[in-house]
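Q: coords_20.cif is the file, holding mmCIF, C-alpha atoms:
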data_input
#
loop_
_atom_site.label_atom_id
_atom_site.label_comp_id
_atom_site.auth_asym_id
_atom_site.auth_seq_id
_atom_site.Cartn_x
_atom_site.Cartn_y
_atom_site.Cartn_z
CA LEU A 14 1.15 175.78 -51.63
CA GLN A 15 2.39 177.89 -54.56
CA HIS A 16 5.39 178.96 -52.48
CA TYR A 17 6.05 175.32 -51.62
CA PHE A 18 6.03 174.24 -55.28
CA ILE A 19 8.42 177.01 -56.26
CA GLN A 20 10.89 176.49 -53.42
CA SER A 21 11.12 172.70 -53.29
CA ASN A 22 13.01 170.26 -55.46
CA LEU A 23 11.18 167.06 -54.56
CA SER A 24 10.13 164.38 -57.01
CA SER A 25 6.51 164.33 -58.20
CA ARG A 26 5.77 161.40 -55.90
CA ASP A 27 7.19 163.23 -52.90
CA HIS A 28 5.29 166.34 -53.99
CA ALA A 29 2.04 164.41 -53.83
CA ALA A 30 2.83 163.09 -50.35
CA ARG A 31 3.84 166.50 -48.99
CA ILE A 32 0.83 168.27 -50.54
CA HIS A 33 -1.49 165.68 -49.01
CA VAL A 34 0.10 166.25 -45.62
CA LEU A 35 -0.18 170.05 -45.94
CA LEU A 36 -3.81 169.90 -47.02
CA THR A 37 -4.88 167.46 -44.34
CA GLU A 38 -3.05 169.43 -41.67
CA VAL A 39 -4.89 172.63 -42.60
CA ILE A 40 -8.25 171.02 -43.21
CA THR A 41 -8.24 169.09 -39.94
CA HIS A 42 -8.49 172.43 -38.17
CA ASN A 43 -10.65 174.31 -40.68
CA GLN A 44 -14.07 172.84 -41.43
CA MET A 45 -15.09 175.84 -43.57
CA LEU A 46 -12.14 175.30 -45.92
CA LYS A 47 -12.98 171.62 -46.10
CA SER A 48 -16.54 172.41 -47.13
CA VAL A 49 -15.41 174.89 -49.79
CA LEU A 50 -12.93 172.45 -51.30
CA ILE A 51 -15.53 169.71 -51.48
CA GLN A 52 -18.30 171.90 -52.95
CA ARG A 53 -16.37 174.15 -55.34
CA HIS A 54 -13.51 171.94 -56.41
CA ASN A 55 -15.07 168.48 -56.12
CA ILE A 56 -12.36 167.27 -53.76
CA ASN A 57 -13.16 163.70 -52.76
CA HIS A 58 -14.11 163.06 -49.14
CA ARG A 59 -11.53 160.28 -49.02
CA LEU A 60 -8.75 162.88 -49.08
CA PHE A 61 -9.79 163.84 -45.58
CA SER A 62 -10.59 160.37 -44.31
CA SER A 63 -7.20 159.98 -42.62
CA CYS A 64 -7.17 163.48 -41.12
CA LYS A 65 -9.20 162.80 -38.02
CA LEU A 66 -9.21 159.03 -37.97
CA PHE A 67 -5.99 158.70 -36.01
CA TYR A 68 -7.15 161.21 -33.40
CA ASN A 69 -10.15 159.00 -32.58
CA MET A 70 -8.67 155.50 -32.68
CA LYS A 71 -8.35 153.67 -29.35
CA VAL A 72 -4.78 152.46 -28.85
CA ILE A 73 -3.04 150.27 -26.29
CA ILE A 74 0.76 150.48 -26.49
CA ASP A 75 2.66 147.44 -25.23
CA THR A 76 6.25 148.57 -24.85
CA ASP A 77 9.69 148.29 -23.21
CA PRO A 78 11.04 151.88 -23.34
CA GLY A 79 13.77 152.02 -24.97
CA THR A 80 14.99 155.02 -26.97
CA ASP A 81 13.10 153.96 -30.11
CA ASP A 82 10.03 153.09 -28.00
CA CYS A 83 10.23 156.62 -26.66
CA GLY A 84 9.98 157.99 -30.19
CA ALA A 85 6.90 155.91 -30.94
CA LEU A 86 5.28 156.84 -27.63
CA ASN A 87 5.98 160.51 -28.31
CA ILE A 88 4.09 160.31 -31.60
CA LEU A 89 1.19 158.17 -30.42
CA LEU A 90 0.59 160.05 -27.17
CA ASN A 91 0.35 163.29 -29.13
CA LEU A 92 -1.62 162.12 -32.15
CA THR A 93 -3.89 159.27 -31.02
CA LYS A 94 -6.16 158.39 -28.13
CA VAL A 95 -3.97 156.14 -26.01
CA LEU A 96 -6.14 154.20 -23.57
CA ALA A 97 -3.23 152.52 -21.79
CA ILE A 98 0.48 151.80 -21.84
CA THR A 99 1.47 148.29 -20.80
CA THR A 100 5.11 147.63 -19.98
CA VAL A 101 7.19 144.52 -20.47
CA HIS A 102 10.77 143.30 -19.96
CA GLY A 103 13.15 143.97 -22.83
CA ASN A 104 15.42 146.95 -23.39
CA SER A 105 15.69 147.32 -19.61
CA SER A 106 14.31 145.55 -16.55
CA LEU A 107 10.55 145.69 -16.04
CA ASP A 108 10.95 148.16 -13.18
CA GLN A 109 12.98 150.46 -15.43
CA THR A 110 10.75 150.19 -18.51
CA THR A 111 7.75 150.95 -16.30
CA LYS A 112 9.50 153.93 -14.75
CA ASN A 113 10.45 155.14 -18.23
CA ALA A 114 6.85 154.94 -19.41
CA CYS A 115 5.85 157.08 -16.42
CA ARG A 116 8.73 159.50 -17.15
CA ILE A 117 7.63 159.92 -20.76
CA THR A 118 3.94 160.44 -20.02
CA GLU A 119 4.71 162.91 -17.24
CA PHE A 120 7.20 164.86 -19.35
CA LEU A 121 4.66 165.16 -22.18
CA GLY A 122 1.87 166.20 -19.82
CA LYS A 123 -0.01 162.95 -20.44
CA GLU A 124 -0.16 161.81 -16.81
CA ASN A 125 -3.79 160.80 -17.30
CA VAL A 126 -2.74 157.86 -19.52
CA PRO A 127 -2.54 154.82 -17.19
CA VAL A 128 0.57 152.66 -17.12
CA TYR A 129 0.28 148.94 -16.27
CA MET A 130 3.21 146.69 -15.33
CA GLY A 131 3.45 143.38 -17.15
CA ALA A 132 5.82 140.44 -17.45
CA HIS A 133 9.33 140.69 -16.02
CA CYS A 134 10.65 137.69 -17.96
CA PRO A 135 9.87 135.54 -21.02
CA LEU A 136 6.95 133.12 -20.94
CA ASN A 137 9.16 130.03 -20.73
CA SER A 138 11.83 131.34 -18.37
CA LEU A 139 12.33 132.90 -14.97
CA ILE A 140 15.46 134.68 -16.19
CA CYS A 141 15.23 137.76 -18.38
CA LEU A 142 18.06 138.75 -20.69
CA ASP A 143 18.21 142.23 -19.23
CA GLU A 144 18.81 140.86 -15.72
CA GLU A 145 22.05 139.41 -17.02
CA LYS A 146 23.04 142.40 -19.15
CA GLN A 147 21.54 145.84 -19.48
CA PHE A 148 21.53 146.96 -23.11
CA VAL A 149 23.57 150.03 -22.27
CA ASP A 150 25.35 150.15 -25.64
CA PHE A 151 22.25 151.45 -27.36
CA HIS A 152 19.69 152.56 -24.76
CA GLY A 153 21.92 153.70 -21.91
CA VAL A 154 21.83 152.57 -18.31
CA ASP A 155 18.34 153.96 -17.74
CA GLY A 156 16.95 152.84 -21.12
CA LEU A 157 16.35 156.41 -22.32
CA GLY A 158 19.87 157.41 -23.22
CA ASP A 159 20.85 158.66 -19.75
CA VAL A 160 19.44 162.16 -20.34
CA SER A 161 18.06 162.63 -16.83
CA HIS A 162 19.30 166.23 -16.90
CA ILE A 163 16.59 166.78 -19.55
CA ILE A 164 14.02 164.07 -18.81
CA PRO A 165 13.82 163.87 -14.99
CA SER A 166 14.57 160.43 -13.63
CA GLU A 167 12.29 160.91 -10.63
CA VAL A 168 8.57 161.04 -11.33
CA LYS A 169 5.38 161.32 -9.32
CA LYS A 170 3.35 159.11 -11.63
CA LYS A 171 3.00 155.48 -10.54
CA PRO A 172 1.78 152.38 -12.39
CA GLU A 173 -1.73 151.08 -11.80
CA ASN A 174 -2.42 148.10 -9.53
CA GLN A 175 -3.92 145.99 -12.33
CA THR A 176 -1.47 143.87 -14.32
CA ALA A 177 -0.78 144.57 -17.99
CA PRO A 178 -2.39 141.36 -19.35
CA ASP A 179 -5.51 141.96 -17.26
CA ALA A 180 -5.68 145.57 -18.46
CA ILE A 181 -5.45 144.47 -22.10
CA ILE A 182 -8.27 141.96 -21.59
CA SER A 183 -10.47 144.43 -19.69
CA LEU A 184 -10.14 147.16 -22.32
CA ALA A 185 -10.68 144.69 -25.18
CA LYS A 186 -13.93 143.55 -23.56
CA LYS A 187 -15.00 147.12 -22.81
CA PHE A 188 -14.40 148.21 -26.43
CA PRO A 189 -14.86 145.04 -28.55
CA GLY A 190 -13.69 145.49 -32.12
CA GLU A 191 -12.32 148.99 -31.41
CA ILE A 192 -8.91 148.44 -29.84
CA THR A 193 -5.72 148.83 -31.87
CA LEU A 194 -2.92 147.02 -30.08
CA ALA A 195 0.54 148.39 -30.84
CA ALA A 196 3.22 145.94 -29.69
CA ILE A 197 6.72 147.44 -29.79
CA GLY A 198 8.47 145.16 -27.28
CA PRO A 199 8.66 141.43 -26.57
CA LEU A 200 5.21 139.85 -26.90
CA THR A 201 5.02 138.29 -23.42
CA ASN A 202 2.12 140.42 -22.13
CA ILE A 203 0.00 139.73 -25.18
CA ALA A 204 0.75 136.01 -25.04
CA ILE A 205 -0.28 135.86 -21.37
CA ALA A 206 -3.43 137.83 -22.11
CA THR A 207 -4.25 135.42 -24.93
CA ARG A 208 -3.81 132.42 -22.64
CA LEU A 209 -6.04 134.02 -20.03
CA CYS A 210 -8.60 135.11 -22.62
CA PRO A 211 -8.51 132.89 -25.73
CA GLU A 212 -11.12 135.07 -27.47
CA LEU A 213 -8.81 138.12 -27.27
CA PRO A 214 -7.79 137.96 -30.97
CA LYS A 215 -11.49 138.21 -31.90
CA LEU A 216 -11.99 141.22 -29.61
CA ILE A 217 -9.08 143.24 -30.97
CA LYS A 218 -9.58 145.39 -34.09
CA SER A 219 -5.99 144.90 -35.24
CA LEU A 220 -2.53 144.09 -33.94
CA TYR A 221 0.59 146.00 -34.99
CA ILE A 222 3.97 144.43 -34.18
CA MET A 223 7.53 145.65 -34.49
CA GLY A 224 9.56 142.45 -34.63
CA SER A 225 10.97 139.61 -36.73
CA SER A 226 13.82 139.09 -39.15
CA SER A 227 14.24 136.47 -41.83
CA THR A 228 17.63 137.38 -43.31
CA LEU A 229 19.47 139.72 -40.94
CA GLY A 230 19.12 140.18 -37.19
CA ASN A 231 20.29 142.67 -34.59
CA ILE A 232 20.64 140.65 -31.38
CA THR A 233 22.15 137.71 -33.32
CA PRO A 234 23.04 137.45 -37.02
CA TRP A 235 19.64 135.83 -37.62
CA ALA A 236 17.28 137.13 -34.95
CA GLU A 237 15.56 140.43 -34.17
CA PHE A 238 15.59 141.53 -30.51
CA ASN A 239 11.85 141.60 -29.64
CA PHE A 240 11.13 138.13 -31.04
CA HIS A 241 14.40 136.68 -29.73
CA CYS A 242 13.57 137.89 -26.20
CA ASP A 243 10.52 135.62 -26.07
CA VAL A 244 10.21 133.20 -28.96
CA VAL A 245 7.45 131.19 -27.26
CA SER A 246 5.27 134.28 -26.90
CA ALA A 247 5.99 135.42 -30.45
CA ASN A 248 4.84 132.08 -31.85
CA LEU A 249 1.76 131.96 -29.62
CA VAL A 250 0.66 135.47 -30.62
CA LEU A 251 1.28 134.96 -34.34
CA GLU A 252 -0.52 131.61 -34.37
CA HIS A 253 -3.63 132.85 -32.58
CA PHE A 254 -4.03 136.37 -33.94
CA CYS A 255 -3.38 135.61 -37.62
CA LYS A 256 -6.42 133.28 -37.59
CA TYR A 257 -8.89 135.95 -36.54
CA THR A 258 -7.59 139.43 -37.31
CA LYS A 259 -5.04 141.36 -39.34
CA VAL A 260 -1.54 141.34 -37.92
CA HIS A 261 0.55 144.24 -39.23
CA LEU A 262 4.28 143.53 -39.01
CA VAL A 263 7.39 145.68 -39.45
CA SER A 264 10.61 143.65 -39.57
CA TRP A 265 14.15 144.63 -38.67
CA GLU A 266 15.12 144.52 -42.35
CA THR A 267 12.38 147.04 -43.10
CA CYS A 268 13.85 149.41 -40.52
CA LEU A 269 17.30 149.09 -42.08
CA ASN A 270 15.99 149.72 -45.59
CA ASN A 271 13.91 152.80 -44.81
CA ARG A 272 16.02 155.67 -43.49
CA ILE A 273 16.37 159.40 -43.79
CA THR A 274 19.60 161.39 -43.65
CA PHE A 275 20.68 162.99 -40.39
CA ASP A 276 20.26 166.37 -42.08
CA GLN A 277 16.64 165.49 -42.85
CA TYR A 278 16.08 164.42 -39.26
CA ASN A 279 17.60 167.60 -37.87
CA SER A 280 15.55 169.71 -40.28
CA ILE A 281 12.39 168.51 -38.52
CA PHE A 282 13.33 170.71 -35.57
CA SER A 283 15.00 173.59 -37.40
CA GLU A 284 11.94 175.82 -37.56
CA SER A 285 9.69 174.17 -34.99
CA LYS A 286 8.48 175.81 -31.84
CA THR A 287 9.96 174.51 -28.62
CA SER A 288 7.74 171.84 -27.11
CA ALA A 289 8.07 168.88 -24.78
CA ALA A 290 7.67 166.53 -27.74
CA SER A 291 10.42 168.31 -29.68
CA THR A 292 12.78 168.18 -26.69
CA LEU A 293 12.05 164.50 -26.17
CA PHE A 294 12.67 163.61 -29.83
CA GLN A 295 15.99 165.45 -29.91
CA ALA A 296 17.34 164.41 -26.51
CA VAL A 297 16.45 160.71 -26.59
CA GLY A 298 16.35 160.12 -30.35
CA MET A 299 19.85 161.27 -31.16
CA THR A 300 21.35 159.67 -28.04
CA GLY A 301 20.31 156.22 -29.23
CA GLN A 302 21.65 156.81 -32.74
CA ILE A 303 25.03 158.07 -31.53
CA ALA A 304 25.42 155.30 -28.97
CA GLY A 305 24.47 152.72 -31.56
CA GLN A 306 27.08 153.96 -33.99
CA ILE A 307 29.78 153.99 -31.31
CA ALA A 308 28.90 150.42 -30.39
CA GLY A 309 28.97 149.37 -34.04
CA GLN A 310 25.28 148.44 -34.05
CA ILE A 311 24.47 150.50 -37.13
CA ASP A 312 27.58 150.87 -39.25
CA GLN A 313 28.16 147.10 -39.37
CA TYR A 314 25.31 146.91 -41.89
CA GLY A 315 27.12 149.23 -44.27
CA MET A 316 24.21 151.67 -44.17
CA THR A 317 23.96 155.30 -43.20
CA GLY A 318 21.17 157.58 -42.09
CA TYR A 319 18.82 157.95 -39.16
CA LEU A 320 17.42 154.57 -38.13
CA PHE A 321 13.76 154.43 -37.07
CA VAL A 322 12.44 151.25 -35.45
CA ASP A 323 9.31 151.33 -33.28
CA GLN A 324 8.38 154.66 -34.87
CA PHE A 325 7.22 152.71 -37.95
CA ILE A 326 4.31 151.32 -35.96
CA ALA A 327 3.24 154.86 -35.09
CA LEU A 328 3.61 155.84 -38.75
CA LEU A 329 1.43 152.94 -39.88
CA LEU A 330 -1.35 153.91 -37.49
CA ILE A 331 -1.36 157.56 -38.46
CA HIS A 332 -0.50 157.39 -42.16
CA PRO A 333 -1.31 153.96 -43.64
CA GLU A 334 -0.98 155.64 -47.04
CA SER A 335 2.76 155.94 -46.34
CA VAL A 336 3.20 152.27 -47.32
CA ALA A 337 4.99 151.83 -50.64
CA GLU A 338 5.44 148.05 -50.63
CA LYS A 339 4.04 145.16 -48.59
CA LYS A 340 3.69 141.39 -48.70
CA ILE A 341 0.75 139.32 -47.47
CA TYR A 342 1.05 135.97 -45.74
CA GLU A 343 -1.16 133.50 -43.93
CA SER A 344 1.04 133.67 -40.82
CA ALA A 345 4.64 133.33 -39.61
CA LYS A 346 6.61 131.15 -37.21
CA VAL A 347 9.76 131.78 -35.22
CA ASN A 348 12.56 129.23 -34.89
CA ASN A 349 12.40 127.92 -31.30
CA ASP A 350 15.29 125.44 -31.45
CA GLU A 351 17.77 126.84 -28.94
CA SER A 352 20.55 124.64 -30.33
CA ASP A 353 20.11 126.16 -33.81
CA PRO A 354 22.23 129.24 -34.67
CA LYS A 355 19.07 130.58 -36.34
CA TYR A 356 17.13 130.53 -33.08
CA GLY A 357 14.70 133.45 -33.18
CA ASN A 358 14.70 133.70 -36.97
CA THR A 359 11.30 134.24 -38.60
CA GLU A 360 9.76 132.31 -41.49
CA TYR A 361 6.78 133.87 -43.24
CA LEU A 362 4.19 131.28 -44.28
CA ASN A 363 2.07 130.92 -47.41
CA GLU A 364 2.28 134.19 -49.31
CA ARG A 365 -1.03 135.47 -50.67
CA ASP A 366 -2.03 137.69 -53.58
CA SER A 367 -4.54 139.83 -51.70
CA GLU A 368 -5.56 140.88 -48.19
CA ASP A 369 -8.28 139.19 -46.19
CA ASP A 370 -9.91 140.07 -42.88
CA TYR A 371 -7.21 138.05 -41.17
CA GLY A 372 -3.61 137.02 -41.78
CA LEU A 373 -0.22 138.73 -41.77
CA ILE A 374 0.82 141.90 -43.60
CA LEU A 375 4.58 142.47 -43.77
CA TYR A 376 5.50 146.05 -44.65
CA THR A 377 8.77 146.44 -46.55
CA ARG A 378 8.88 149.97 -48.03
CA PHE A 379 7.61 153.36 -46.86
CA ASN A 380 7.46 156.85 -48.31
CA MET A 381 9.62 158.49 -45.66
CA GLU A 382 8.21 161.94 -46.35
CA TYR A 383 5.34 160.82 -44.15
CA MET A 384 7.71 159.90 -41.31
CA ILE A 385 9.08 163.44 -41.36
CA SER A 386 5.62 165.00 -41.43
CA THR A 387 4.41 162.76 -38.58
CA HIS A 388 7.22 163.99 -36.36
CA ILE A 389 6.38 167.58 -37.29
CA LYS A 390 2.75 166.98 -36.36
CA ALA A 391 3.72 165.47 -33.01
CA ILE A 392 5.94 168.38 -31.97
CA SER A 393 3.30 170.89 -33.08
CA GLN A 394 0.60 169.64 -30.72
#
Take the structure I supplied and represent it as structure tokens, if you would.
A:
Amino acid sequence: LQHYFIQSNLSSRDHAARIHVLLTEVITHNQMLKSVLIQRHNINHRLFSSCKLFYNMKVIIDTDPGTDDCGALNILLNLTKVLAITTVHGNSSLDQTTKNACRITEFLGKENVPVYMGAHCPLNSLICLDEEKQFVDFHGVDGLGDVSHIIPSEVKKKPENQTAPDAIISLAKKFPGEITLAAIGPLTNIAIATRLCPELPKLIKSLYIMGSSSTLGNITPWAEFNFHCDVVSANLVLEHFCKYTKVHLVSWETCLNNRITFDQYNSIFSESKTSAASTLFQAVGMTGQIAGQIAGQIDQYGMTGYLFVDQFIALLLIHPESVAEKKIYESAKVNNDESDPKYGNTEYLNERDSEDDYGLILYTRFNMEYMISTHIKAISQ
């Protein structure tokens, strides 16, 4: 720690964040040191409360991999107890997103994590956007940046026979009040599960969603991709879950406003040992960023730096203390008028002064030092 203080030039706030990360990293693996710090130096137990919590939480990841989904999966599979991965249409066809989930788990040596196939199209349509156009500009033909020479395209792992909505319901009933549901794709699976099991919002501990935009979109000028893919499902999920549990939301604007430099991103891997997680971050992560810049999907916003998206949901689960700013609302609704240019745009409803046991929390600012440390933790496992 003394060496760190001498060598670094971070602000005092960033110092505090980095020191917390260093301490918790050491103490997680050293119970004797933890005891000494508590007894001799009166270190509060709360300092360590986040150290082991994320290793024990029960997580279901609903996803459409996706280069940014891959980053979030890489973190969560290494740092949390993932009970299941449920796949949905979105960045690629359902068959491809399911195959990608199997590719990622197999590459990371997490073949024991079951993968369940979900909805192939939005709740109110038999036609999925990705059947008309693959989103090759950003995610590549295969959805993972076309790096099959690094991440094998052929895998032995197969999805389970049970459907994704049924799996979500079954696990929620098996572990009532314990499941953290991380939704980083269109919300079709969760909407179907809610229709099949109306008490689902009461069974889930909390719901984390990457989606929404109120001022600036990415699939249209007004709409964010995940919500725009299935507006009906987004509205159904927001309406039902905000009544009974906390819904944690990261918007597209939040992703744009919380970046690190490419040098900072590359520094994550500069002194790290070679691992599957490190290879996956570098191969898939940078491919999406480069492709996005070539296609004009990043530079059009007049912003620079490495753009994280679904990774923010992983960050929230592992380091909730990384939040610098947030807003609290009763709920939100998504514009479902297909004739309106603002179709898919999100309106946040009835801002509140304080949190309750239910409602919507919109996260707007993060201390990005924690994002860097979370990646370092993932590649060190």
Q: Identify all residues satisfying the PyMOL selection byres ((chain A and resi 216-232) around 8) in the given file; provide them as a ChimeraX atom specification.
A: /A:185-186,189-198,212-215,233-241,254,258-266,310,322-323,325-326,358-360
Q: Separation of atom CA of A:Thr118 and atom CA of A:Leu136, in Å?
A: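 Spanning atom CA of A:Thr118 to atom CA of A:Leu136 is a straight-line distance of 27.5 Å.
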Q: Run through the PyMOL selection byres ((chain A and resi 88) around 8) on the given coordinates and return the selected residues as a list in words.
A: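 Given this file, the PyMOL selection byres ((chain A and resi 88) around 8) evaluates to Gly84, Ala85, Leu86, Asn87, Leu89, Leu90, Asn91, Leu92, Gln324, Ala327, Thr387, His388 and Ala391 of chain A.
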Q: Take the PyMOL selection byres ((chain A and resi 246) around 12), run it mentally on this structure, and tell me the resulting residues as a ChimeraX atom specification.
A: /A:132,134-138,198-208,239-245,247-254,346-349,357
Q: Suppose you want the space between atom CA of A:Met384 and atom CA of A:Thr267; what is it in Å?
A: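 Atom-to-atom, atom CA of A:Met384 and atom CA of A:Thr267 are spaced 13.8 Å apart.
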Q: At what distance in Å, to one decimal, does atom CA of A:Val95 lie from atom CA of A:Val72?
A: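 If I compute the distance from atom CA of A:Val72 to atom CA of A:Val95, I get 4.7 Å.
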Q: Pick the closest to A:Ser335 from A:Ile181, A:Leu121, A:Ala114, A:Met381: which is it, counting only C-alpha atoms?
A: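 Checking each of A:Ile181, A:Leu121, A:Ala114, A:Met381 against A:Ser335, counting only C-alpha atoms, the winner is A:Met381.
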Q: Neighbouring residues of stretch 279-284 of chain A were defined as those with any atom within 8 Å, considering only C-alpha atoms; residues of the same chain fewer than 2 positions away were excluded. Please report them as an NGL selection string.
A: :A and (275-277 or 286 or 291 or 385 or 388-389)
Q: Can you work out which one of A:Val101, A:Ile73, A:Arg378, A:Val160 has the shortest atom-to-atom distance to A:Phe294, counting all atoms listed in the file?
A: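 Smallest distance to A:Phe294 is found for A:Val160.
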